[in-house]
$ cat query_11.cif   # mmCIF, C-alpha atoms
data_protein
#
loop_
_atom_site.label_atom_id
_atom_site.label_comp_id
_atom_site.auth_asym_id
_atom_site.auth_seq_id
_atom_site.Cartn_x
_atom_site.Cartn_y
_atom_site.Cartn_z
CA MET D 116 1.08 -0.37 19.13
CA LEU D 117 -2.38 -1.79 18.55
CA PHE D 118 -2.84 -5.52 19.07
CA LEU D 119 -6.14 -5.11 17.26
CA THR D 120 -8.58 -7.82 18.30
CA ILE D 121 -11.48 -5.48 18.93
CA LEU D 122 -14.80 -7.26 18.41
CA LEU D 123 -17.59 -4.76 17.96
CA THR D 124 -21.33 -4.69 17.65
CA PHE D 125 -21.17 -2.44 14.60
CA SER D 126 -23.11 -2.60 11.36
CA LEU D 127 -21.18 -1.23 9.17
CA PHE D 128 11.10 -16.06 1.21
CA LEU D 129 12.94 -15.61 3.67
CA LEU D 130 12.71 -14.72 7.30
CA PRO D 131 14.87 -11.59 7.43
CA THR D 132 17.66 -10.85 9.84
CA ALA D 133 18.18 -7.20 10.81
CA GLY D 134 21.51 -5.73 9.80
CA MET D 135 22.03 -8.08 6.83
CA ALA D 136 21.41 -6.02 3.72
CA SER D 137 22.34 -8.96 1.48
CA ASP D 138 19.14 -10.73 2.62
CA ILE D 139 16.86 -8.11 1.08
CA VAL D 140 13.88 -9.76 -0.62
CA SER D 141 12.29 -8.25 -3.71
CA ILE D 142 9.44 -8.92 -6.08
CA THR D 143 9.77 -7.30 -9.47
CA SER D 144 6.09 -6.57 -10.19
CA LEU D 145 4.11 -4.33 -7.86
CA PRO D 146 0.31 -4.57 -7.61
CA VAL D 147 -1.63 -2.29 -9.95
CA LEU D 148 -4.97 -0.97 -8.71
CA GLU D 149 -7.42 1.49 -10.18
CA VAL D 150 -7.71 4.60 -8.02
CA LYS D 151 -10.83 6.76 -8.15
CA PRO D 152 -10.62 9.69 -5.70
CA TRP D 153 -13.83 10.53 -3.86
CA TYR D 154 -15.06 14.00 -3.07
CA VAL D 155 -12.80 15.45 -0.37
CA PRO D 156 -13.31 19.00 0.95
CA SER D 157 -10.41 21.33 0.24
CA ASN D 158 -10.37 23.27 3.51
CA GLU D 159 -7.01 24.13 5.04
CA SER D 160 -6.92 21.34 7.63
CA ILE D 161 -7.75 18.62 5.09
CA ARG D 162 -5.10 19.94 2.72
CA PHE D 163 -2.59 19.95 5.55
CA SER D 164 -3.40 16.39 6.61
CA LEU D 165 -3.11 15.08 3.06
CA GLY D 166 0.28 16.79 2.86
CA MET D 167 1.39 14.61 5.78
CA SER D 168 0.94 11.39 3.81
CA PRO D 169 2.80 9.08 3.54
CA GLY D 170 4.37 8.90 6.97
CA TRP D 171 6.65 6.51 8.87
CA ASN D 172 6.80 5.52 12.54
CA LEU D 173 10.02 5.49 14.53
CA GLY D 174 8.64 2.55 16.50
CA ASN D 175 10.37 0.61 19.29
CA ALA D 176 12.65 3.56 19.93
CA PHE D 177 11.56 6.34 22.29
CA ASP D 178 8.43 4.36 23.11
CA CYS D 179 10.51 1.61 24.76
CA TYR D 180 9.98 1.14 28.47
CA ASP D 181 11.68 -0.78 31.23
CA GLU D 182 9.67 -3.99 31.62
CA ASP D 183 11.96 -5.41 34.33
CA GLY D 184 12.25 -2.33 36.52
CA THR D 185 16.05 -2.30 36.35
CA ILE D 186 16.59 1.12 34.77
CA THR D 187 16.72 4.16 37.02
CA ALA D 188 15.21 7.38 35.68
CA GLY D 189 17.73 10.20 35.54
CA GLU D 190 20.73 7.88 35.69
CA ASN D 191 20.79 5.35 32.86
CA ASP D 192 17.38 5.69 31.22
CA LEU D 193 18.86 7.04 27.98
CA VAL D 194 19.54 3.44 26.93
CA LEU D 195 15.81 3.04 26.38
CA ASP D 196 15.75 4.59 22.91
CA SER D 197 17.58 1.53 21.55
CA LEU D 198 16.50 -1.14 24.06
CA TRP D 199 14.03 -2.92 21.76
CA SER D 200 15.27 -2.19 18.22
CA GLY D 201 18.99 -2.29 19.02
CA PHE D 202 19.76 0.93 17.16
CA PRO D 203 19.27 4.52 18.36
CA ALA D 204 17.87 7.12 15.99
CA THR D 205 20.51 9.00 14.00
CA GLN D 206 20.46 12.04 11.79
CA GLU D 207 21.32 9.84 8.81
CA MET D 208 18.29 7.68 9.55
CA ILE D 209 15.99 10.70 9.55
CA GLN D 210 17.50 11.95 6.30
CA LEU D 211 16.86 8.56 4.72
CA ILE D 212 13.20 8.75 5.69
CA LYS D 213 12.97 12.08 3.89
CA SER D 214 14.90 11.03 0.80
CA SER D 215 12.77 7.89 0.47
CA GLY D 216 9.69 10.04 -0.10
CA PHE D 217 8.05 10.13 3.33
CA LYS D 218 6.54 13.43 4.40
CA THR D 219 5.96 12.74 8.09
CA ILE D 220 7.73 10.94 10.90
CA ARG D 221 5.73 9.89 13.93
CA ILE D 222 7.87 9.74 17.07
CA PRO D 223 6.11 7.69 19.76
CA VAL D 224 7.51 8.48 23.21
CA SER D 225 6.92 6.83 26.58
CA TRP D 226 7.57 9.27 29.40
CA HIS D 227 6.80 7.35 32.59
CA ASP D 228 10.25 5.74 32.88
CA HIS D 229 11.87 9.17 32.75
CA LEU D 230 10.29 11.01 35.67
CA ILE D 231 12.61 12.35 38.34
CA ASP D 232 10.11 13.41 41.00
CA GLU D 233 6.51 12.98 42.16
CA GLN D 234 5.42 16.07 40.20
CA TYR D 235 6.02 14.12 36.96
CA THR D 236 9.07 16.17 36.00
CA ILE D 237 10.71 14.63 32.94
CA ASN D 238 14.43 13.89 33.08
CA PRO D 239 15.97 16.83 31.15
CA ASP D 240 18.46 14.51 29.43
CA TRP D 241 15.64 12.38 28.03
CA LEU D 242 13.69 15.44 26.94
CA ASN D 243 16.80 16.86 25.25
CA ARG D 244 17.37 13.57 23.41
CA VAL D 245 13.82 13.58 22.05
CA HIS D 246 14.26 17.26 21.19
CA GLU D 247 17.39 16.41 19.21
CA VAL D 248 15.58 13.95 16.97
CA VAL D 249 12.62 16.30 16.50
CA ASN D 250 15.12 18.93 15.37
CA TRP D 251 16.68 16.56 12.84
CA ALA D 252 13.26 15.78 11.39
CA ILE D 253 12.08 19.37 11.17
CA ARG D 254 15.37 20.44 9.58
CA SER D 255 14.89 17.62 7.06
CA ASP D 256 11.57 19.24 6.07
CA LEU D 257 9.47 16.49 7.62
CA ASN D 258 6.28 16.88 9.55
CA VAL D 259 6.60 15.41 13.05
CA ILE D 260 3.95 13.76 15.22
CA LEU D 261 4.97 13.71 18.89
CA ASN D 262 2.89 11.81 21.41
CA VAL D 263 2.46 10.21 24.83
CA HIS D 264 2.72 6.49 24.05
CA HIS D 265 3.08 3.54 26.48
CA ASP D 266 1.92 5.45 29.55
CA ASN D 267 -1.32 3.46 29.76
CA SER D 268 -1.44 2.00 33.27
CA LEU D 269 -3.12 2.40 36.64
CA ASP D 270 -0.20 4.57 37.76
CA TYR D 271 -0.33 7.08 34.91
CA ILE D 272 -3.21 7.12 32.39
CA TYR D 273 -6.20 4.88 32.94
CA PRO D 274 -9.63 5.81 31.57
CA ASP D 275 -12.01 4.98 34.37
CA LYS D 276 -13.65 7.26 36.91
CA ALA D 277 -11.55 5.94 39.78
CA HIS D 278 -8.35 7.05 38.08
CA LEU D 279 -9.60 10.02 36.08
CA ALA D 280 -8.27 12.78 38.34
CA GLN D 281 -4.85 11.17 38.54
CA SER D 282 -4.81 10.58 34.77
CA LYS D 283 -5.64 14.22 34.10
CA ALA D 284 -2.90 15.34 36.49
CA TYR D 285 -0.33 13.15 34.77
CA LEU D 286 -1.41 14.01 31.23
CA THR D 287 -1.50 17.75 31.82
CA ALA D 288 1.85 17.73 33.66
CA ILE D 289 3.55 15.98 30.74
CA TRP D 290 1.98 18.17 28.09
CA LYS D 291 2.77 21.39 29.94
CA GLN D 292 6.44 20.43 29.78
CA LEU D 293 6.21 19.41 26.11
CA CYS D 294 4.43 22.64 25.23
CA ASP D 295 7.20 24.64 26.91
CA THR D 296 9.93 22.64 25.17
CA PHE D 297 8.44 22.52 21.69
CA GLY D 298 6.27 25.63 21.63
CA ALA D 299 8.51 27.50 19.18
CA TYR D 300 7.94 25.00 16.36
CA ASP D 301 5.37 25.86 13.71
CA GLU D 302 2.47 23.73 12.48
CA HIS D 303 4.78 21.06 11.07
CA LEU D 304 5.04 19.68 14.61
CA ILE D 305 1.79 17.96 15.49
CA PHE D 306 0.89 16.87 19.04
CA GLU D 307 -0.95 13.59 19.66
CA GLY D 308 -2.35 13.61 23.18
CA LEU D 309 -2.87 9.89 23.84
CA ASN D 310 -1.93 6.58 22.27
CA GLU D 311 -4.57 3.83 22.23
CA PRO D 312 -6.23 4.81 25.55
CA ARG D 313 -7.98 1.75 26.94
CA LEU D 314 -8.73 -0.34 30.02
CA VAL D 315 -5.42 -2.20 30.15
CA GLY D 316 -5.58 -5.66 31.67
CA THR D 317 -9.36 -6.07 31.52
CA GLU D 318 -11.52 -8.33 29.37
CA VAL D 319 -12.62 -5.30 27.37
CA GLU D 320 -9.11 -3.97 26.72
CA TRP D 321 -9.40 -4.95 23.04
CA GLN D 322 -13.02 -6.16 23.06
CA TYR D 323 -14.94 -2.89 22.98
CA SER D 324 -18.72 -2.89 22.91
CA TYR D 325 -20.61 0.38 22.85
CA LEU D 326 -23.27 -1.16 25.11
CA ASP D 327 -20.88 -2.36 27.84
CA PRO D 328 -20.99 -0.02 30.89
CA LEU D 329 -17.22 -0.33 31.36
CA CYS D 330 -16.64 0.75 27.78
CA VAL D 331 -19.14 3.58 28.00
CA GLU D 332 -17.43 4.88 31.16
CA ALA D 333 -14.01 4.53 29.53
CA SER D 334 -15.16 6.51 26.49
CA GLU D 335 -16.52 9.26 28.70
CA CYS D 336 -13.19 9.43 30.54
CA ILE D 337 -11.25 9.47 27.27
CA ASN D 338 -13.40 12.38 26.08
CA GLN D 339 -12.45 14.26 29.26
CA LEU D 340 -8.77 13.40 28.90
CA ASN D 341 -8.79 14.58 25.29
CA GLN D 342 -10.40 17.83 26.42
CA ALA D 343 -7.77 18.28 29.15
CA PHE D 344 -5.04 17.75 26.54
CA VAL D 345 -6.50 20.34 24.18
CA ASP D 346 -7.05 22.87 26.98
CA THR D 347 -3.48 22.42 28.24
CA VAL D 348 -1.94 22.94 24.83
CA ARG D 349 -4.05 25.98 23.98
CA ALA D 350 -3.46 27.58 27.39
CA SER D 351 0.30 27.46 26.82
CA GLY D 352 -0.11 30.13 24.15
CA GLY D 353 2.23 31.11 21.35
CA LEU D 354 2.23 28.77 18.37
CA ASN D 355 0.58 26.10 20.52
CA ALA D 356 -2.61 28.15 20.38
CA GLU D 357 -3.10 27.11 16.74
CA ARG D 358 -1.16 23.83 16.57
CA TYR D 359 -2.72 20.78 14.94
CA LEU D 360 -3.71 18.19 17.54
CA MET D 361 -4.51 14.50 17.02
CA ILE D 362 -7.37 13.03 19.04
CA PRO D 363 -8.03 9.26 19.50
CA ALA D 364 -11.10 7.32 20.60
CA TYR D 365 -10.97 4.14 22.69
CA ALA D 366 -7.85 2.12 21.68
CA ALA D 367 -7.51 4.48 18.69
CA SER D 368 -9.81 2.10 16.84
CA PRO D 369 -11.43 3.32 13.62
CA TYR D 370 -14.65 1.69 14.85
CA THR D 371 -14.81 3.42 18.23
CA ALA D 372 -14.02 6.72 16.50
CA VAL D 373 -17.38 6.63 14.74
CA PHE D 374 -19.51 5.69 17.77
CA ASN D 375 -21.61 8.31 19.55
CA ASN D 376 -19.62 7.46 22.71
CA PHE D 377 -16.73 9.44 21.22
CA THR D 378 -16.81 13.21 20.79
CA LEU D 379 -14.13 15.60 19.65
CA PRO D 380 -13.10 18.18 22.25
CA SER D 381 -14.18 21.79 22.05
CA ASP D 382 -11.31 23.91 20.80
CA SER D 383 -10.51 27.61 20.82
CA ALA D 384 -8.65 27.14 17.52
CA LYS D 385 -10.71 26.66 14.37
CA ASP D 386 -10.30 23.43 12.37
CA ARG D 387 -7.12 22.30 14.09
CA LEU D 388 -8.23 18.90 15.42
CA MET D 389 -7.47 15.63 13.63
CA VAL D 390 -8.98 12.24 14.41
CA SER D 391 -6.24 9.70 15.22
CA VAL D 392 -6.85 6.03 14.42
CA HIS D 393 -4.79 2.84 14.12
CA ALA D 394 -5.90 0.21 11.63
CA TYR D 395 -4.30 -3.23 11.62
CA ILE D 396 -7.14 -4.62 9.53
CA PRO D 397 -8.15 -7.23 8.61
CA HIS D 398 -6.78 -8.37 11.98
CA GLU D 399 -6.27 -12.02 11.11
CA PHE D 400 -3.97 -11.00 8.25
CA ALA D 401 -2.37 -7.78 9.43
CA MET D 402 -1.71 -8.52 13.09
CA ASP D 403 -2.59 -12.04 14.21
CA ALA D 404 0.51 -14.25 13.98
CA ALA D 405 -1.70 -17.34 14.12
CA GLY D 406 -4.10 -15.96 11.51
CA THR D 407 -4.03 -16.14 7.75
CA ASP D 408 -0.98 -15.24 5.66
CA PHE D 409 -3.24 -14.76 2.63
CA PHE D 410 -4.58 -11.51 1.19
CA ASP D 411 -6.54 -11.64 -2.05
CA LEU D 412 -7.39 -8.39 -3.81
CA ASP D 413 -10.53 -10.08 -5.16
CA ASP D 414 -11.77 -11.45 -1.83
CA PRO D 415 -14.49 -9.12 -0.49
CA GLU D 416 -14.31 -10.76 2.95
CA LEU D 417 -10.79 -9.33 3.30
CA THR D 418 -11.03 -6.10 1.33
CA GLY D 419 -14.50 -5.41 2.73
CA VAL D 420 -13.12 -5.00 6.25
CA ILE D 421 -10.93 -2.15 5.02
CA ASP D 422 -13.71 -0.61 2.93
CA GLU D 423 -16.21 -0.66 5.80
CA ALA D 424 -13.85 1.04 8.24
CA PHE D 425 -12.70 3.64 5.71
CA ASN D 426 -16.25 4.38 4.55
CA ALA D 427 -17.33 5.01 8.14
CA LEU D 428 -14.39 7.36 8.74
CA TYR D 429 -15.11 9.17 5.49
CA ASP D 430 -18.81 9.62 6.24
CA THR D 431 -18.24 10.67 9.85
CA TYR D 432 -15.30 13.01 9.36
CA ILE D 433 -13.69 13.55 5.97
CA LYS D 434 -16.73 14.68 4.01
CA LYS D 435 -17.45 17.10 6.87
CA GLY D 436 -13.98 18.61 6.53
CA ILE D 437 -12.42 16.93 9.60
CA PRO D 438 -9.01 15.29 8.94
CA VAL D 439 -8.29 11.67 9.83
CA ILE D 440 -4.75 10.38 10.35
CA ILE D 441 -4.17 6.63 10.29
CA GLY D 442 -1.20 6.90 12.62
CA GLU D 443 -0.39 3.18 12.52
CA PHE D 444 -1.03 0.48 9.94
CA GLY D 445 0.90 -2.41 8.45
CA SER D 446 1.09 -6.19 8.19
CA THR D 447 3.34 -8.53 10.12
CA ASP D 448 5.74 -10.62 8.04
CA LYS D 449 4.62 -14.23 7.62
CA ASN D 450 6.96 -15.07 4.75
CA ASN D 451 4.24 -13.73 2.44
CA LEU D 452 5.66 -10.72 0.63
CA ARG D 453 3.31 -10.99 -2.37
CA ASP D 454 0.28 -10.86 -0.08
CA ARG D 455 1.74 -8.02 1.98
CA LEU D 456 2.29 -5.99 -1.19
CA ASP D 457 -1.30 -6.55 -2.31
CA PHE D 458 -2.53 -5.59 1.16
CA THR D 459 -0.36 -2.44 1.25
CA ALA D 460 -1.57 -1.39 -2.20
CA TYR D 461 -5.23 -1.92 -1.36
CA PHE D 462 -5.02 -0.24 2.04
CA THR D 463 -3.17 2.86 0.84
CA ALA D 464 -5.11 3.22 -2.41
CA ARG D 465 -8.48 3.08 -0.67
CA ALA D 466 -7.26 5.47 2.03
CA TYR D 467 -6.04 7.91 -0.62
CA GLU D 468 -9.37 7.78 -2.45
CA ARG D 469 -11.20 8.83 0.71
CA GLY D 470 -8.74 11.49 1.87
CA LEU D 471 -7.27 9.51 4.78
CA ALA D 472 -3.59 10.13 5.59
CA CYS D 473 -1.43 7.06 6.33
CA VAL D 474 1.59 6.52 8.59
CA ILE D 475 3.16 3.03 8.33
CA TRP D 476 4.22 1.26 11.53
CA ASP D 477 7.88 0.14 11.67
CA ASN D 478 9.09 -1.41 14.92
CA GLY D 479 12.46 -2.63 13.60
CA ASN D 480 11.48 -6.25 14.29
CA PHE D 481 12.48 -8.81 11.63
CA ASP D 482 11.99 -12.01 13.65
CA GLY D 483 9.07 -13.20 11.55
CA TYR D 484 5.35 -13.61 12.28
CA GLU D 485 5.03 -12.14 15.83
CA GLU D 486 4.74 -8.37 15.38
CA SER D 487 7.37 -8.48 12.65
CA PHE D 488 6.65 -5.00 11.28
CA GLY D 489 10.25 -4.08 10.53
CA LEU D 490 10.84 -2.20 7.27
CA LEU D 491 14.05 -0.23 7.75
CA ASP D 492 17.26 -2.08 8.58
CA ARG D 493 18.45 0.48 11.10
CA GLY D 494 21.95 -0.95 11.25
CA GLN D 495 22.60 -0.82 7.50
CA LEU D 496 20.26 2.14 6.82
CA THR D 497 18.61 0.31 3.94
CA TRP D 498 15.02 -0.71 3.33
CA PHE D 499 14.74 -4.45 3.86
CA TRP D 500 11.34 -4.52 2.21
CA GLN D 501 11.95 -2.01 -0.59
CA ASP D 502 8.93 -3.28 -2.53
CA ILE D 503 6.63 -2.35 0.34
CA ILE D 504 8.11 1.15 0.41
CA ASP D 505 7.71 1.43 -3.38
CA THR D 506 4.08 0.35 -3.09
CA ILE D 507 3.40 2.95 -0.41
CA MET D 508 4.88 5.64 -2.63
CA MET D 509 2.69 4.51 -5.55
CA TYR D 510 -0.61 4.83 -3.72
CA CYS D 511 -0.17 6.75 -0.48
CA LYS D 512 -0.04 10.22 -2.01
#
$ encode --input "query_11.cif" --output "structure tokens"
Amino acid sequence: MLFLTILLTFSLFLLPTAGMASDIVSITSLPVLEVKPWYVPSNESIRFSLGMSPGWNLGNAFDCYDEDGTITAGENDLVLDSLWSGFPATQEMIQLIKSSGFKTIRIPVSWHDHLIDEQYTINPDWLNRVHEVVNWAIRSDLNVILNVHHDNSLDYIYPDKAHLAQSKAYLTAIWKQLCDTFGAYDEHLIFEGLNEPRLVGTEVEWQYSYLDPLCVEASECINQLNQAFVDTVRASGGLNAERYLMIPAYAASPYTAVFNNFTLPSDSAKDRLMVSVHAYIPHEFAMDAAGTDFFDLDDPELTGVIDEAFNALYDTYIKKGIPVIIGEFGSTDKNNLRDRLDFTAYFTARAYERGLACVIWDNGNFDGYEESFGLLDRGQLTWFWQDIIDTIMMYCK
């Protein structure tokens, strides 16, 4: 997920414990905001994207990876889908997502720990497990976003010229297999080629500047990787020839998505590309554990960060008929539910006004402060923060 600390030259009461449903915290009054929808084109792709909202992320599940190097691909790597959250995905969990009002489930998947040879062949057992959960979601009448997630490294996907050929080889090998496995699904399965592509481990990993030569080179490489993804999917034929595809800029930032350094790929299908962004903004409230726990609906220094990013996305894409999916957003718990509700209301209401689809990040973490984005108690199958879910349903239409 996006540890959003990108600095850009751009003008534009209780700490919960997972599994303990009795600890659920609630506030009786939800924030009330005036919503004034802007002009949004009504072409087919925009209508489809708006029908995806609201969405929910199955985070810290299939995107888990082996940080210690102790899990052997093809032997015991199936434990990874519950390594971080403690609970594997179940059919009942997926049904709860649907019955709660969500229209889309994003399933982030890391593939690099599940390769059984040097040709990047995915362990069939892992692929079958992912397939099983995709099936549950589709049968529950949910849209599904399937991606390549934590495969950002020098060994797999790294957007510089020195690693571009290898990155293309890896990316196309993975997507060829995914296209073969999931090619029979209709448009309700959406492919997202890359997750937050960036120069991992460098000083510009989260500090993008459109004038920095490293960033310019990275953006050029990301454009080429996005093109390779689109070409691979379309070449596989069948329903993949017209499938909706999500395309990110550097780090999936809403800011880098509106720079001239980023271009959408050419596509043989008409109006089937969606811009993919992640927006943990304002960063000091939404993501930074050491930042503020305060969000004031009447403070333009806080709300203005959201407005500026959304206005730029609207002007660059939405009003031109190009869909934008905010594939991750949310606010880490700092024992500040009232402020989180106000933030959620403002974020989703302003996104709805401008035709931006929203998918909330849920990593199953309830430890407090440090990336504590948990919403669903996956052990009890109840919403720990029901008020946040209710607020999403009020505004994220």
$ residues_near_point --input "query_11.cif" --point "(5.1, 9.0, 13.7)" --cutoff "12 Å" --atoms "all atoms listed in the file" --output "ChimeraX atom specification"
/D:116,167-178,209,212,217-224,249,252,257-264,304-307,310,361,391,393,440-444,472-478
$ resolve_selection --input "query_11.cif" --expression "the PyMOL selection byres ((chain D and resi 400) around 12)" --output "JSON, numbers by chain"
{"D": [119, 120, 394, 395, 396, 397, 398, 399, 401, 402, 403, 404, 405, 406, 407, 408, 409, 410, 411, 416, 417, 418, 420, 421, 444, 445, 446, 447, 448, 449, 451, 454, 455, 457, 458, 459, 484, 485, 486]}
$ resolve_selection --input "query_11.cif" --expression "the PyMOL selection byres ((chain D and resi 279) around 12)" --output "PyMOL selection string"
chain D and resi 268-278+280-287+332-341+343
$ closest_residue --input "query_11.cif" --among "D:Leu496, D:Val194, D:Met208, D:Ile161" --to "D:Val248" --atoms "all atoms listed in the file"
D:Met208
$ closest_residue --input "query_11.cif" --among "D:Phe374, D:Gly479, D:Ser368, D:Ile504" --to "D:Leu198" --atoms "only C-alpha atoms"
D:Gly479
$ atom_distance --input "query_11.cif" --atom1 "atom CA of D:Tyr235" --atom2 "atom CA of D:Tyr365"
24.3 Å
$ atom_distance --input "query_11.cif" --atom1 "atom CA of D:Val331" --atom2 "atom CA of D:Pro369"
16.3 Å
$ closest_residue --input "query_11.cif" --among "D:Asn480, D:Thr506, D:Tyr359, D:Ser487" --to "D:Gly201" --atoms "all atoms listed in the file"
D:Asn480
$ residues_around --input "query_11.cif" --residues "D:Lys291" --least-positions-apart "2" --cutoff "10 Å" --atoms "all atoms listed in the file" --output "ChimeraX atom specification"
/D:286-289,293-296,298,344,347-348,350-351
$ resolve_selection --input "query_11.cif" --expression "the PyMOL selection byres ((chain D and resi 386) around 12)" --output "compact mmCIF listing (two decimals) with C-alpha atoms, in the frame of the given file"
# COMPACT_ATOMS: atom_id res chain seq x y z
CA ASN D 158 -10.37 23.27 3.51
CA GLU D 159 -7.01 24.13 5.04
CA SER D 160 -6.92 21.34 7.63
CA ILE D 161 -7.75 18.62 5.09
CA ARG D 162 -5.10 19.94 2.72
CA PHE D 163 -2.59 19.95 5.55
CA SER D 164 -3.40 16.39 6.61
CA GLU D 357 -3.10 27.11 16.74
CA ARG D 358 -1.16 23.83 16.57
CA TYR D 359 -2.72 20.78 14.94
CA LEU D 360 -3.71 18.19 17.54
CA MET D 361 -4.51 14.50 17.02
CA LEU D 379 -14.13 15.60 19.65
CA PRO D 380 -13.10 18.18 22.25
CA SER D 381 -14.18 21.79 22.05
CA ASP D 382 -11.31 23.91 20.80
CA SER D 383 -10.51 27.61 20.82
CA ALA D 384 -8.65 27.14 17.52
CA LYS D 385 -10.71 26.66 14.37
CA ARG D 387 -7.12 22.30 14.09
CA LEU D 388 -8.23 18.90 15.42
CA MET D 389 -7.47 15.63 13.63
CA VAL D 390 -8.98 12.24 14.41
CA TYR D 432 -15.30 13.01 9.36
CA LYS D 435 -17.45 17.10 6.87
CA GLY D 436 -13.98 18.61 6.53
CA ILE D 437 -12.42 16.93 9.60
CA PRO D 438 -9.01 15.29 8.94
$ residues_near_point --input "query_11.cif" --point "(16.6, -1.3, 9.1)" --cutoff "10 Å" --atoms "all atoms listed in the file" --output "ChimeraX atom specification"
/D:132-136,200,202,208,477-481,489-500
$ write_last_selection --input "query_11.cif" --atoms "C-alpha atoms" --output "PDB file, keeping the file's coordinate frame"
ATOM      1  CA  THR D 132      17.660 -10.850   9.840  1.00  0.00           C
ATOM      2  CA  ALA D 133      18.180  -7.200  10.810  1.00  0.00           C
ATOM      3  CA  GLY D 134      21.510  -5.730   9.800  1.00  0.00           C
ATOM      4  CA  MET D 135      22.030  -8.080   6.830  1.00  0.00           C
ATOM      5  CA  ALA D 136      21.410  -6.020   3.720  1.00  0.00           C
ATOM      6  CA  SER D 200      15.270  -2.190  18.220  1.00  0.00           C
ATOM      7  CA  PHE D 202      19.760   0.930  17.160  1.00  0.00           C
ATOM      8  CA  MET D 208      18.290   7.680   9.550  1.00  0.00           C
ATOM      9  CA  ASP D 477       7.880   0.140  11.670  1.00  0.00           C
ATOM     10  CA  ASN D 478       9.090  -1.410  14.920  1.00  0.00           C
ATOM     11  CA  GLY D 479      12.460  -2.630  13.600  1.00  0.00           C
ATOM     12  CA  ASN D 480      11.480  -6.250  14.290  1.00  0.00           C
ATOM     13  CA  PHE D 481      12.480  -8.810  11.630  1.00  0.00           C
ATOM     14  CA  GLY D 489      10.250  -4.080  10.530  1.00  0.00           C
ATOM     15  CA  LEU D 490      10.840  -2.200   7.270  1.00  0.00           C
ATOM     16  CA  LEU D 491      14.050  -0.230   7.750  1.00  0.00           C
ATOM     17  CA  ASP D 492      17.260  -2.080   8.580  1.00  0.00           C
ATOM     18  CA  ARG D 493      18.450   0.480  11.100  1.00  0.00           C
ATOM     19  CA  GLY D 494      21.950  -0.950  11.250  1.00  0.00           C
ATOM     20  CA  GLN D 495      22.600  -0.820   7.500  1.00  0.00           C
ATOM     21  CA  LEU D 496      20.260   2.140   6.820  1.00  0.00           C
ATOM     22  CA  THR D 497      18.610   0.310   3.940  1.00  0.00           C
ATOM     23  CA  TRP D 498      15.020  -0.710   3.330  1.00  0.00           C
ATOM     24  CA  PHE D 499      14.740  -4.450   3.860  1.00  0.00           C
ATOM     25  CA  TRP D 500      11.340  -4.520   2.210  1.00  0.00           C
TER      26      TRP D 500
END
$ closest_residue --input "query_11.cif" --among "D:Tyr300, D:Thr431, D:Trp241, D:Ser215" --to "D:Arg254" --atoms "only C-alpha atoms"
D:Tyr300
$ atom_distance --input "query_11.cif" --atom1 "atom CA of D:Glu302" --atom2 "atom CA of D:Leu165"
14.0 Å
$ residues_around --input "query_11.cif" --residues "D:Val373" --least-positions-apart "5" --cutoff "10 Å" --atoms "all atoms listed in the file" --output "list of chain:residue names"
D:Phe125, D:Ala364, D:Ser368, D:Thr378, D:Ala424, D:Ala427, D:Leu428, D:Tyr429, D:Asp430, D:Thr431, D:Tyr432
$ write_last_selection --input "query_11.cif" --atoms "C-alpha atoms" --output "PDB file, in the frame of the given file"
ATOM      1  CA  PHE D 125     -21.170  -2.440  14.600  1.00  0.00           C
ATOM      2  CA  ALA D 364     -11.100   7.320  20.600  1.00  0.00           C
ATOM      3  CA  SER D 368      -9.810   2.100  16.840  1.00  0.00           C
ATOM      4  CA  THR D 378     -16.810  13.210  20.790  1.00  0.00           C
ATOM      5  CA  ALA D 424     -13.850   1.040   8.240  1.00  0.00           C
ATOM      6  CA  ALA D 427     -17.330   5.010   8.140  1.00  0.00           C
ATOM      7  CA  LEU D 428     -14.390   7.360   8.740  1.00  0.00           C
ATOM      8  CA  TYR D 429     -15.110   9.170   5.490  1.00  0.00           C
ATOM      9  CA  ASP D 430     -18.810   9.620   6.240  1.00  0.00           C
ATOM     10  CA  THR D 431     -18.240  10.670   9.850  1.00  0.00           C
ATOM     11  CA  TYR D 432     -15.300  13.010   9.360  1.00  0.00           C
TER      12      TYR D 432
END
$ closest_residue --input "query_11.cif" --among "D:Phe297, D:Tyr510, D:Tyr323, D:Phe462" --to "D:Gly353" --atoms "all atoms listed in the file"
D:Phe297
$ closest_residue --input "query_11.cif" --among "D:Asn450, D:Ala466, D:Ala460, D:Ile253" --to "D:Asp482" --atoms "all atoms listed in the file"
D:Asn450
$ build_atoms --input "query_11.cif" --residues "stretch 312-316 of chain D" --atoms "N, CA and C atoms" --output "PDB file, in the frame of the given file"
ATOM      1  N   PRO D 312      -5.712   4.822  24.167  1.00  0.00           N
ATOM      2  CA  PRO D 312      -6.230   4.810  25.550  1.00  0.00           C
ATOM      3  C   PRO D 312      -7.265   3.710  25.708  1.00  0.00           C
ATOM      4  N   ARG D 313      -7.135   2.937  26.787  1.00  0.00           N
ATOM      5  CA  ARG D 313      -7.980   1.750  26.940  1.00  0.00           C
ATOM      6  C   ARG D 313      -7.888   1.232  28.363  1.00  0.00           C
ATOM      7  N   LEU D 314      -8.722   0.274  28.690  1.00  0.00           N
ATOM      8  CA  LEU D 314      -8.730  -0.340  30.020  1.00  0.00           C
ATOM      9  C   LEU D 314      -7.757  -1.518  30.019  1.00  0.00           C
ATOM     10  N   VAL D 315      -6.492  -1.193  30.214  1.00  0.00           N
ATOM     11  CA  VAL D 315      -5.420  -2.200  30.150  1.00  0.00           C
ATOM     12  C   VAL D 315      -5.673  -3.291  31.193  1.00  0.00           C
ATOM     13  N   GLY D 316      -5.499  -4.535  30.754  1.00  0.00           N
ATOM     14  CA  GLY D 316      -5.580  -5.660  31.670  1.00  0.00           C
ATOM     15  C   GLY D 316      -6.976  -6.166  31.959  1.00  0.00           C
TER      16      GLY D 316
END
